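Student: Before I ask anything, here is the structure I am working with.
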Protein chains: 2
Amino acid sequence: MEVTIYEVAQRAGVSIATVSRTLRGTGPVADKTRQKVLKAVEELSFTPSRLGVSLAEGRHAANGIVFPNLAGPYYTEVLLGYEEVASELGRSVLILSTKGRGQVRDLVKDLAGRVDGMVVFGQTVPEDLVTELIAADLPLVFLSREPIPGAATLRSENSAAARQLAGHLRGHGYDSYAFLGAPYAVGDDVSERWAGVSAVLGSAIEPVLTTEYTVESGYAAALKLLRSRHRPRVLICSDDEVALGALLAAEELGLAVPDDLAVTGWDDIMAARHARPALTTIRQPMRELGARAARTLDELITGGRAASSHHILSTELVVRSSCGVHPLEESP
Amino acid sequence: MEVTIYEVAQRAGVSIATVSRTLRGTGPVADKTRQKVLKAVEELSFTPSRLGVSLAEGRHAANGIVFPNLAGPYYTEVLLGYEEVASELGRSVLILSTKGRGQVRDLVKDLAGRVDGMVVFGQTVPEDLVTELIAADLPLVFLSREPIPGAATLRSENSAAARQLAGHLRGHGYDSYAFLGAPYAVGDDVSERWAGVSAVLGSAIEPVLTTEYTVESGYAAALKLLRSRHRPRVLICSDDEVALGALLAAEELGLAVPDDLAVTGWDDIMAARHARPALTTIRQPMRELGARAARTLDELITGGRAASSHHILSTELVVRSSCGVHPLEESP
DNA sequence: CATGGGAGTGTAAGCGCTTACAGAAGGAGG
DNA sequence: CCTCCTTCTGTAAGCGCTTACACTCCCATG
């Protein structure tokens with residue numbers, strides 16, 4: 001097995017307490033003793049067992065994060081920001097993806113047992129488990145979820161951005177819209193987006209269900225919709241991947257974007273910028289979301305903040321060519 | 001604190017050993033006793049402390065993965081495959097990104113202390129630490145790295161794919177090439193790609209250094225190159241992100257791709273397909289790479305496989321429009 | 001020249017679990 | 001009726017560390 005603190009102590013001719021004190025810098029240690037200990041540590045290349053430390057300290061120095069799926073760029077970006085900050089704060093990060101897994105309950109509980117707190121994306125963990133975790137006093141930060149007592153929540157602004165986007169599109173003079181990726185859960189990001197756009201566009205917009213938030217499902221839904229009798233002039237997509245699928249479908253049907261059909265996305269993932277036409281979309285501060293989540297969680301864990309706080313990060317409309325050139329801006 | 005096995009034992013009126021046996025199914029337990037225990041467990045909603053279990057069992061039931069950077073789609077995809085399989089195998093996964101971090105040594109050692117084994121991308125951990133980890137008998141799987149004794153390695157095929165790509169381009173009749181993202185380390189993926197293309201194209205290809213493997217750095221390098229006196233006819237990029245940057249640069253300079261300039265990438269990330277022109281690239285089985293890494297690591301840990309094994313996954317040339325239409329295939 | 005106090009160190013009690021070992025109880029075989 | 005097994009359960013020894021507490025020196029103070 002590994003070398004333990006006992007061997008170091010023996011080699012240095014001191015007690016394990018002294019070794020621990022030397023290494024952690026807690027309590028006084030004579031210079032000479034310190035040298036002996038450090039020498040022994042060096043010679044045996046001793047590294048304290050994380051398990052022993054954690055058990056004795058009563059903390060893991062680790063955080064978890066639960067997301068539905070790592071496939072898309074969205075969660076990745078959030079994770080990126082999260083890992084970076086967590087690591088700065090001296091915490092390891094454990095990840096768990098729930099996508100298509102049966103025993104989510106067990107997986108989440110296992111994760112919960114390995115960390116001092118965790119970040120959870122909305123819609124990934126069954127509500128009763130959420131309640132249970134909160135009851136167990138596990139520090140929790142939820143992402144993209146409506147506020148919940150006993151835990152912190154963090155999300156990006158959806159509603160106002162949706163209105164702004166809808167307003168922008170209306171300014172183009174379009175008359176018929178479809179919203180791809182209809183809301184499936186109350187309090188969900190997408191449901192907020194839908195609420196925002198439909199508030200502005202009223203009956204001119206129709207929700208259309210996609211099965212998932214992927215390129216494939218966007219493609220399939222768009223293909224069907226664009227072939228139908230009443231083809232809308234604009235496709236407001238609930239995220240960029242769906243929008244990219246819609247772009248593919250339009251291309252396949254020989255429809256020019258934005259001249260025959262305007263398309264917009266949401267998130268501003270990398271591919272949105274590189275698609276041609278480039279996607280008009282709403283930029284979500286994904287990385288920032290992850291970073292903030294890590295900080296909030298840390299505050300929860302170290303007790304510097306009340307369990308319940310709710311923040312909303314602002315978003316930004318990014319106008320590219322897929323929504324068409326605004327009449328007023330058109331070059332002469 | 002949490003409820004412990006002692007409380008359960010007390011409530012059920014049995015010893016902690018019996019509780020443990022009941023829960024783990026090791027050793028015989030009378031039916032009646034089992035019921036009492038399960039009832040107590042239920043009432044107290046007891047979950048065994050992972051720390052206690054791990055310490056007693058002498059294993060973490062967790063794996064680590066170290067990558068340079070989570071920003072690009074490449075590592076994400078690998079991670080996705082890795083997490084999925086690791087989770088199936090009953091192991092939690094801890095992630096560590098080394099990008100721009102000073103204390104990589106400490107971070108990696110800390111990670112090593114939390115897991116039963118880990119997967120490490122080439123070029124992320126200093127060589128002496130690698131040696132140290134191997135000496136400590138930590139099960140290790142390296143990704144995209146030349147074989148090393150004492151650890152398993154896994155990578156995608158580079159050289160043959162590079163030759164195939166170069167051959168394909170030569171078939172277009174192009175005469176001058178540049179390789180964007182020149183090799184910086186021996187045994188590195190990119191150095192293998194360079195070796196492959198230069199073997200085929202000889203003096204017709206010139207390596208050009210990019211600072212990073214990002215869109216921005218590809219854009220910058222391409223811009224400079226394309227403005228120079230001897231503009232190459234083809235840009236073979238070391239990865240898709242660099243290629244996307246090159247596409248942006250070409251667009252900015254008013255160069256038509258593929259008519260004025262051919263561009264190719266590597267990896268087949270999502271944006272490669274959605275870029276216009278869509279990128280010709282080499283598809284790497286990224287997810288499969290992660291999945292295989294998880295399985296190999298598991299075999300290493302459970303002792304079912306020798307420490308040293310070296311596998312190479314095959315890749316596939318994906319021809320899209322960015323490299324130009326092949327003369328023979330041109331429509332009449 | 002006692003004496004109070006700091007510095008340095010060791011002892012031992014956990015932290016929450018698993019499991020080898022021993023012991024108790026009860027039934028079957030002789 | 002007495003062994004000998006089985007079956008079940010409990011005791012206690014770790015696993016590797018941290019840290020409260022106690023103890024020993026030694027020096028400065030009065």
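Going by the structure tokens order, chains are called A, B, ..., each with residues numbered from 1, while ligands are numbered from 1 in the order shown.
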Find the residues of chain B in contact range of chain D, meaning any atom within 8 Å when counting only C-alpha atoms (C1' of nucleotides), and list them as a PDB file with N, CA and C atoms, in the first residue's frame.

Tutor:
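As a result, out36.pdb now contains:
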ATOM      1  N   SER B  15     -25.859  -4.816  16.307  1.00  0.00           N
ATOM      2  CA  SER B  15     -24.526  -4.228  16.261  1.00  0.00           C
ATOM      3  C   SER B  15     -24.269  -3.618  14.889  1.00  0.00           C
ATOM      4  N   ALA B  17     -21.979  -4.242  12.951  1.00  0.00           N
ATOM      5  CA  ALA B  17     -21.568  -5.269  11.990  1.00  0.00           C
ATOM      6  C   ALA B  17     -22.780  -5.812  11.256  1.00  0.00           C
ATOM      7  N   THR B  18     -23.826  -6.019  11.995  1.00  0.00           N
ATOM      8  CA  THR B  18     -25.037  -6.560  11.382  1.00  0.00           C
ATOM      9  C   THR B  18     -25.635  -5.565  10.391  1.00  0.00           C
ATOM     10  N   PRO B  28     -24.511 -13.891   6.504  1.00  0.00           N
ATOM     11  CA  PRO B  28     -25.908 -14.221   6.735  1.00  0.00           C
ATOM     12  C   PRO B  28     -26.551 -13.279   7.747  1.00  0.00           C
ATOM     13  N   VAL B  29     -27.804 -12.967   7.506  1.00  0.00           N
ATOM     14  CA  VAL B  29     -28.570 -12.140   8.441  1.00  0.00           C
ATOM     15  C   VAL B  29     -29.974 -12.731   8.504  1.00  0.00           C
ATOM     16  N   ALA B  30     -30.459 -12.954   9.689  1.00  0.00           N
ATOM     17  CA  ALA B  30     -31.804 -13.523   9.831  1.00  0.00           C
ATOM     18  C   ALA B  30     -32.827 -12.559   9.242  1.00  0.00           C
ATOM     19  N   LEU B  55     -12.298   4.292   3.141  1.00  0.00           N
ATOM     20  CA  LEU B  55     -11.157   4.076   4.022  1.00  0.00           C
ATOM     21  C   LEU B  55     -11.071   2.603   4.417  1.00  0.00           C
ATOM     22  N   ALA B  56     -12.202   2.053   4.762  1.00  0.00           N
ATOM     23  CA  ALA B  56     -12.212   0.658   5.180  1.00  0.00           C
ATOM     24  C   ALA B  56     -11.943  -0.281   4.002  1.00  0.00           C
ATOM     25  N   GLU B  57     -12.502   0.050   2.869  1.00  0.00           N
ATOM     26  CA  GLU B  57     -12.311  -0.817   1.709  1.00  0.00           C
ATOM     27  C   GLU B  57     -10.951  -0.629   1.063  1.00  0.00           C
ATOM     28  N   GLY B  58     -10.380   0.523   1.312  1.00  0.00           N
ATOM     29  CA  GLY B  58      -9.096   0.802   0.690  1.00  0.00           C
ATOM     30  C   GLY B  58      -9.198   1.132  -0.784  1.00  0.00           C
TER      31      GLY B  58
END

Student: Residues of chain B within 12 Å of chain C, using only C-alpha atoms (C1' of nucleotides), as a PyMOL selection string?

Tutor: chain B and resi 1-7+16-21+23-24+26-27+47-58

Student: To one decimal in Å, tell me the separation between CA of Ala243 (chain A) and CA of Leu226 (chain A).

Tutor: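 Calculated distance between CA of Ala243 (chain A) and CA of Leu226 (chain A) is 13.3 Å.
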
Student: Hey, what's within 8 Å of Asp240 (chain A) if we count only C-alpha atoms (C1' of nucleotides) and toss same-chain stuff fewer than 5 positions away? As number ranges by chain, please?

Tutor: A: 264-269, 272, 279, 281

Student: Set the cut-off to 6 Å and count only C-alpha atoms: what are the residues of chain A that reach chain B? Output as a PyMOL selection string.

Tutor: chain A and resi 50+70+80+93-95+113+271+274-276

Student: Excluding same-chain residues fewer than 2 positions from Arg163 (chain B), what lies within 10 Å of it counting only C-alpha atoms (C1' of nucleotides), as a ChimeraX atom specification?

Tutor: /B:158-161,165-169,193-201

Student: Give me a file of those residues, with N, CA and C atoms, as a short mmCIF file (atom, residue, chain, number, x, y, z; two decimals), in the first residue's frame.

Tutor:
data_model
loop_
_atom_site.label_atom_id
_atom_site.label_comp_id
_atom_site.auth_asym_id
_atom_site.auth_seq_id
_atom_site.Cartn_x
_atom_site.Cartn_y
_atom_site.Cartn_z
N ASN B 158 -2.93 9.03 -36.68
CA ASN B 158 -2.68 10.34 -37.26
C ASN B 158 -1.96 10.27 -38.59
N SER B 159 -0.93 9.50 -38.60
CA SER B 159 -0.03 9.51 -39.73
C SER B 159 -0.71 9.08 -41.04
N ALA B 160 -1.35 7.94 -41.01
CA ALA B 160 -1.98 7.45 -42.24
C ALA B 160 -3.08 8.39 -42.70
N ALA B 161 -3.83 8.92 -41.75
CA ALA B 161 -4.90 9.84 -42.09
C ALA B 161 -4.32 11.09 -42.74
N LEU B 165 -5.20 12.45 -46.40
CA LEU B 165 -5.67 13.81 -46.62
C LEU B 165 -4.78 14.52 -47.64
N ALA B 166 -3.50 14.40 -47.43
CA ALA B 166 -2.55 15.06 -48.33
C ALA B 166 -2.73 14.53 -49.75
N GLY B 167 -2.91 13.23 -49.85
CA GLY B 167 -3.10 12.61 -51.16
C GLY B 167 -4.36 13.14 -51.83
N HIS B 168 -5.40 13.26 -51.03
CA HIS B 168 -6.66 13.76 -51.57
C HIS B 168 -6.49 15.18 -52.12
N LEU B 169 -5.80 15.98 -51.36
CA LEU B 169 -5.60 17.37 -51.77
C LEU B 169 -4.73 17.45 -53.03
N ARG B 193 0.72 14.40 -37.40
CA ARG B 193 -0.03 14.87 -38.57
C ARG B 193 0.90 15.58 -39.55
N TRP B 194 1.73 16.39 -38.99
CA TRP B 194 2.69 17.11 -39.82
C TRP B 194 3.60 16.12 -40.55
N ALA B 195 4.07 15.15 -39.83
CA ALA B 195 4.95 14.15 -40.44
C ALA B 195 4.24 13.48 -41.61
N GLY B 196 2.98 13.17 -41.41
CA GLY B 196 2.22 12.49 -42.46
C GLY B 196 2.05 13.36 -43.71
N VAL B 197 1.60 14.57 -43.53
CA VAL B 197 1.36 15.41 -44.71
C VAL B 197 2.67 15.79 -45.40
N SER B 198 3.69 16.05 -44.62
CA SER B 198 4.94 16.47 -45.24
C SER B 198 5.60 15.30 -45.98
N ALA B 199 5.33 14.09 -45.52
CA ALA B 199 5.88 12.94 -46.22
C ALA B 199 5.31 12.86 -47.63
N VAL B 200 4.07 13.24 -47.76
CA VAL B 200 3.42 13.16 -49.07
C VAL B 200 3.71 14.40 -49.92
N LEU B 201 3.65 15.55 -49.28
CA LEU B 201 3.72 16.80 -50.05
C LEU B 201 5.13 17.37 -50.19
#

Student: Just asking: which residues within region 100-300 of chain B are alpha helix (DSSP H) according to DSSP, as a PyMOL selection string?

Tutor: chain B and resi 104-112+127-135+159-171+189-201+215-227+240-252+270-274+286-300

Student: What gap, in Å, lies between CA of Leu138 (chain A) and CA of Asp116 (chain A)?

Tutor: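 One can read the CA of Leu138 (chain A) to CA of Asp116 (chain A) distance as 7.1 Å.
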
Student: So how many Å separate CA of Ala86 (chain B) and CA of Ile134 (chain A), to one decimal?

Tutor: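 So the two atoms, CA of Ala86 (chain B) and CA of Ile134 (chain A), lie 27.1 Å apart.
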
Student: Name the residues in contact with region 323-325 of chain B at a cut-off of 8 Å, using only C-alpha atoms (C1' of nucleotides), excluding same-chain residues fewer than 4 positions from it; report them as a VMD selection string.

Tutor: chain B and resid 169 172 234 257 to 259 262 to 264 279 to 280 319 329 to 330

Student: Could you please take those selected residues and save N, CA and C atoms as a PDB file, in the first residue's frame?

Tutor:
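Just written: result_36.pdb:
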ATOM      1  N   LEU B 169      -5.798  15.981 -51.363  1.00  0.00           N
ATOM      2  CA  LEU B 169      -5.600  17.375 -51.774  1.00  0.00           C
ATOM      3  C   LEU B 169      -4.730  17.452 -53.030  1.00  0.00           C
ATOM      4  N   HIS B 172      -6.433  17.173 -56.147  1.00  0.00           N
ATOM      5  CA  HIS B 172      -7.133  18.350 -56.650  1.00  0.00           C
ATOM      6  C   HIS B 172      -6.234  19.158 -57.570  1.00  0.00           C
ATOM      7  N   VAL B 234      -3.482  26.106 -50.357  1.00  0.00           N
ATOM      8  CA  VAL B 234      -4.185  25.239 -49.411  1.00  0.00           C
ATOM      9  C   VAL B 234      -3.692  25.460 -47.987  1.00  0.00           C
ATOM     10  N   VAL B 257     -13.523  30.407 -50.542  1.00  0.00           N
ATOM     11  CA  VAL B 257     -13.120  29.044 -50.207  1.00  0.00           C
ATOM     12  C   VAL B 257     -14.182  28.132 -50.799  1.00  0.00           C
ATOM     13  N   PRO B 258     -13.847  27.153 -51.580  1.00  0.00           N
ATOM     14  CA  PRO B 258     -12.499  26.663 -51.865  1.00  0.00           C
ATOM     15  C   PRO B 258     -11.871  27.210 -53.146  1.00  0.00           C
ATOM     16  N   ASP B 259     -12.581  28.127 -53.843  1.00  0.00           N
ATOM     17  CA  ASP B 259     -12.065  28.501 -55.156  1.00  0.00           C
ATOM     18  C   ASP B 259     -10.712  29.215 -55.133  1.00  0.00           C
ATOM     19  N   ALA B 262      -8.143  26.538 -50.430  1.00  0.00           N
ATOM     20  CA  ALA B 262      -8.739  25.343 -49.827  1.00  0.00           C
ATOM     21  C   ALA B 262      -8.331  25.294 -48.360  1.00  0.00           C
ATOM     22  N   VAL B 263      -9.223  24.806 -47.531  1.00  0.00           N
ATOM     23  CA  VAL B 263      -8.939  24.734 -46.089  1.00  0.00           C
ATOM     24  C   VAL B 263      -9.395  23.379 -45.565  1.00  0.00           C
ATOM     25  N   THR B 264      -8.590  22.780 -44.741  1.00  0.00           N
ATOM     26  CA  THR B 264      -9.025  21.534 -44.090  1.00  0.00           C
ATOM     27  C   THR B 264      -8.745  21.604 -42.597  1.00  0.00           C
ATOM     28  N   LEU B 279     -16.383  22.143 -43.509  1.00  0.00           N
ATOM     29  CA  LEU B 279     -14.970  21.756 -43.478  1.00  0.00           C
ATOM     30  C   LEU B 279     -14.693  20.310 -43.869  1.00  0.00           C
ATOM     31  N   THR B 280     -13.751  20.154 -44.738  1.00  0.00           N
ATOM     32  CA  THR B 280     -13.179  18.828 -44.961  1.00  0.00           C
ATOM     33  C   THR B 280     -12.253  18.589 -43.777  1.00  0.00           C
ATOM     34  N   VAL B 319     -14.834  14.265 -46.363  1.00  0.00           N
ATOM     35  CA  VAL B 319     -14.679  15.272 -47.417  1.00  0.00           C
ATOM     36  C   VAL B 319     -15.927  16.134 -47.501  1.00  0.00           C
ATOM     37  N   GLU B 329     -14.814  14.691 -60.062  1.00  0.00           N
ATOM     38  CA  GLU B 329     -16.179  14.576 -59.555  1.00  0.00           C
ATOM     39  C   GLU B 329     -17.057  15.747 -59.975  1.00  0.00           C
ATOM     40  N   GLU B 330     -16.428  16.723 -60.572  1.00  0.00           N
ATOM     41  CA  GLU B 330     -17.163  17.942 -60.907  1.00  0.00           C
ATOM     42  C   GLU B 330     -18.355  17.620 -61.795  1.00  0.00           C
TER      43      GLU B 330
END

Student: I need the strand (DSSP E or B) residues of region 19-225 of chain B per DSSP on the backbone, written as a PyMOL selection string.

Tutor: chain B and resi 62-67+92-97+117-121+140-143+152-156+177-180+205-208

Student: Would you put the residues from that selection into a file with N, CA and C atoms, as an mmCIF file, in the first residue's frame?

Tutor:
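The resulting file, selection-v7.cif, is reproduced below:
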data_model
loop_
_atom_site.group_PDB
_atom_site.id
_atom_site.type_symbol
_atom_site.label_atom_id
_atom_site.label_comp_id
_atom_site.auth_asym_id
_atom_site.auth_seq_id
_atom_site.Cartn_x
_atom_site.Cartn_y
_atom_site.Cartn_z
ATOM 1 N N ALA B 62 -13.447 5.731 -7.684
ATOM 2 C CA ALA B 62 -13.490 6.963 -8.463
ATOM 3 C C ALA B 62 -12.281 7.014 -9.395
ATOM 4 N N ASN B 63 -12.479 7.673 -10.512
ATOM 5 C CA ASN B 63 -11.426 7.843 -11.509
ATOM 6 C C ASN B 63 -11.191 9.317 -11.747
ATOM 7 N N GLY B 64 -10.004 9.632 -12.177
ATOM 8 C CA GLY B 64 -9.742 11.020 -12.522
ATOM 9 C C GLY B 64 -9.491 11.163 -14.004
ATOM 10 N N ILE B 65 -9.546 12.389 -14.476
ATOM 11 C CA ILE B 65 -9.133 12.660 -15.848
ATOM 12 C C ILE B 65 -8.494 14.044 -15.882
ATOM 13 N N VAL B 66 -7.365 14.121 -16.515
ATOM 14 C CA VAL B 66 -6.615 15.369 -16.581
ATOM 15 C C VAL B 66 -6.509 15.803 -18.035
ATOM 16 N N PHE B 67 -6.987 16.997 -18.308
ATOM 17 C CA PHE B 67 -6.846 17.485 -19.676
ATOM 18 C C PHE B 67 -6.327 18.902 -19.619
ATOM 19 N N SER B 92 -17.130 7.181 -9.860
ATOM 20 C CA SER B 92 -17.338 8.609 -10.015
ATOM 21 C C SER B 92 -16.176 9.172 -10.818
ATOM 22 N N VAL B 93 -16.379 10.327 -11.425
ATOM 23 C CA VAL B 93 -15.237 10.901 -12.122
ATOM 24 C C VAL B 93 -14.910 12.307 -11.658
ATOM 25 N N LEU B 94 -13.628 12.484 -11.419
ATOM 26 C CA LEU B 94 -13.081 13.767 -10.986
ATOM 27 C C LEU B 94 -12.335 14.365 -12.155
ATOM 28 N N ILE B 95 -12.539 15.645 -12.408
ATOM 29 C CA ILE B 95 -11.859 16.257 -13.536
ATOM 30 C C ILE B 95 -10.853 17.286 -13.078
ATOM 31 N N LEU B 96 -9.860 17.476 -13.897
ATOM 32 C CA LEU B 96 -8.853 18.489 -13.611
ATOM 33 C C LEU B 96 -8.355 19.066 -14.914
ATOM 34 N N SER B 97 -8.464 20.354 -15.024
ATOM 35 C CA SER B 97 -7.948 21.017 -16.207
ATOM 36 C C SER B 97 -6.675 21.759 -15.815
ATOM 37 N N GLY B 117 -7.322 5.507 -10.065
ATOM 38 C CA GLY B 117 -6.566 5.515 -11.302
ATOM 39 C C GLY B 117 -6.985 6.718 -12.107
ATOM 40 N N MET B 118 -6.195 7.106 -13.107
ATOM 41 C CA MET B 118 -6.638 8.245 -13.888
ATOM 42 C C MET B 118 -6.186 8.227 -15.343
ATOM 43 N N VAL B 119 -6.909 9.016 -16.109
ATOM 44 C CA VAL B 119 -6.617 9.176 -17.518
ATOM 45 C C VAL B 119 -5.967 10.540 -17.693
ATOM 46 N N VAL B 120 -4.906 10.572 -18.462
ATOM 47 C CA VAL B 120 -4.159 11.814 -18.605
ATOM 48 C C VAL B 120 -3.897 12.106 -20.078
ATOM 49 N N PHE B 121 -4.256 13.282 -20.500
ATOM 50 C CA PHE B 121 -3.921 13.672 -21.861
ATOM 51 C C PHE B 121 -2.439 13.970 -21.948
ATOM 52 N N LEU B 140 -2.783 4.072 -14.756
ATOM 53 C CA LEU B 140 -2.735 5.269 -15.591
ATOM 54 C C LEU B 140 -3.006 4.939 -17.055
ATOM 55 N N VAL B 141 -3.831 5.774 -17.676
ATOM 56 C CA VAL B 141 -4.032 5.635 -19.117
ATOM 57 C C VAL B 141 -3.732 6.987 -19.745
ATOM 58 N N PHE B 142 -2.833 6.995 -20.704
ATOM 59 C CA PHE B 142 -2.500 8.245 -21.366
ATOM 60 C C PHE B 142 -3.203 8.332 -22.714
ATOM 61 N N LEU B 143 -3.653 9.520 -23.017
ATOM 62 C CA LEU B 143 -4.330 9.753 -24.282
ATOM 63 C C LEU B 143 -3.442 10.617 -25.167
ATOM 64 N N ALA B 152 -0.779 2.468 -19.758
ATOM 65 C CA ALA B 152 -1.433 2.193 -21.034
ATOM 66 C C ALA B 152 -1.535 3.484 -21.823
ATOM 67 N N THR B 153 -1.524 3.384 -23.112
ATOM 68 C CA THR B 153 -1.743 4.571 -23.931
ATOM 69 C C THR B 153 -2.801 4.263 -24.984
ATOM 70 N N LEU B 154 -3.429 5.319 -25.410
ATOM 71 C CA LEU B 154 -4.531 5.210 -26.347
ATOM 72 C C LEU B 154 -4.466 6.459 -27.204
ATOM 73 N N ARG B 155 -4.604 6.293 -28.502
ATOM 74 C CA ARG B 155 -4.605 7.479 -29.345
ATOM 75 C C ARG B 155 -5.311 7.191 -30.651
ATOM 76 N N SER B 156 -5.558 8.248 -31.385
ATOM 77 C CA SER B 156 -6.138 8.052 -32.697
ATOM 78 C C SER B 156 -5.020 7.982 -33.711
ATOM 79 N N TYR B 177 1.117 24.535 -50.298
ATOM 80 C CA TYR B 177 0.393 24.214 -49.075
ATOM 81 C C TYR B 177 1.039 24.867 -47.855
ATOM 82 N N ALA B 178 0.222 25.117 -46.866
ATOM 83 C CA ALA B 178 0.783 25.510 -45.567
ATOM 84 C C ALA B 178 0.108 24.654 -44.505
ATOM 85 N N PHE B 179 0.857 24.310 -43.498
ATOM 86 C CA PHE B 179 0.330 23.527 -42.385
ATOM 87 C C PHE B 179 0.218 24.455 -41.194
ATOM 88 N N LEU B 180 -0.982 24.743 -40.784
ATOM 89 C CA LEU B 180 -1.191 25.706 -39.699
ATOM 90 C C LEU B 180 -1.194 25.022 -38.338
ATOM 91 N N ILE B 205 4.873 21.885 -49.019
ATOM 92 C CA ILE B 205 4.179 22.341 -47.812
ATOM 93 C C ILE B 205 5.136 22.966 -46.814
ATOM 94 N N GLU B 206 4.629 23.990 -46.189
ATOM 95 C CA GLU B 206 5.415 24.786 -45.245
ATOM 96 C C GLU B 206 4.690 24.797 -43.901
ATOM 97 N N PRO B 207 5.389 24.578 -42.816
ATOM 98 C CA PRO B 207 4.713 24.663 -41.519
ATOM 99 C C PRO B 207 4.626 26.107 -41.047
ATOM 100 N N VAL B 208 3.524 26.452 -40.474
ATOM 101 C CA VAL B 208 3.340 27.807 -39.949
ATOM 102 C C VAL B 208 2.840 27.695 -38.515
#
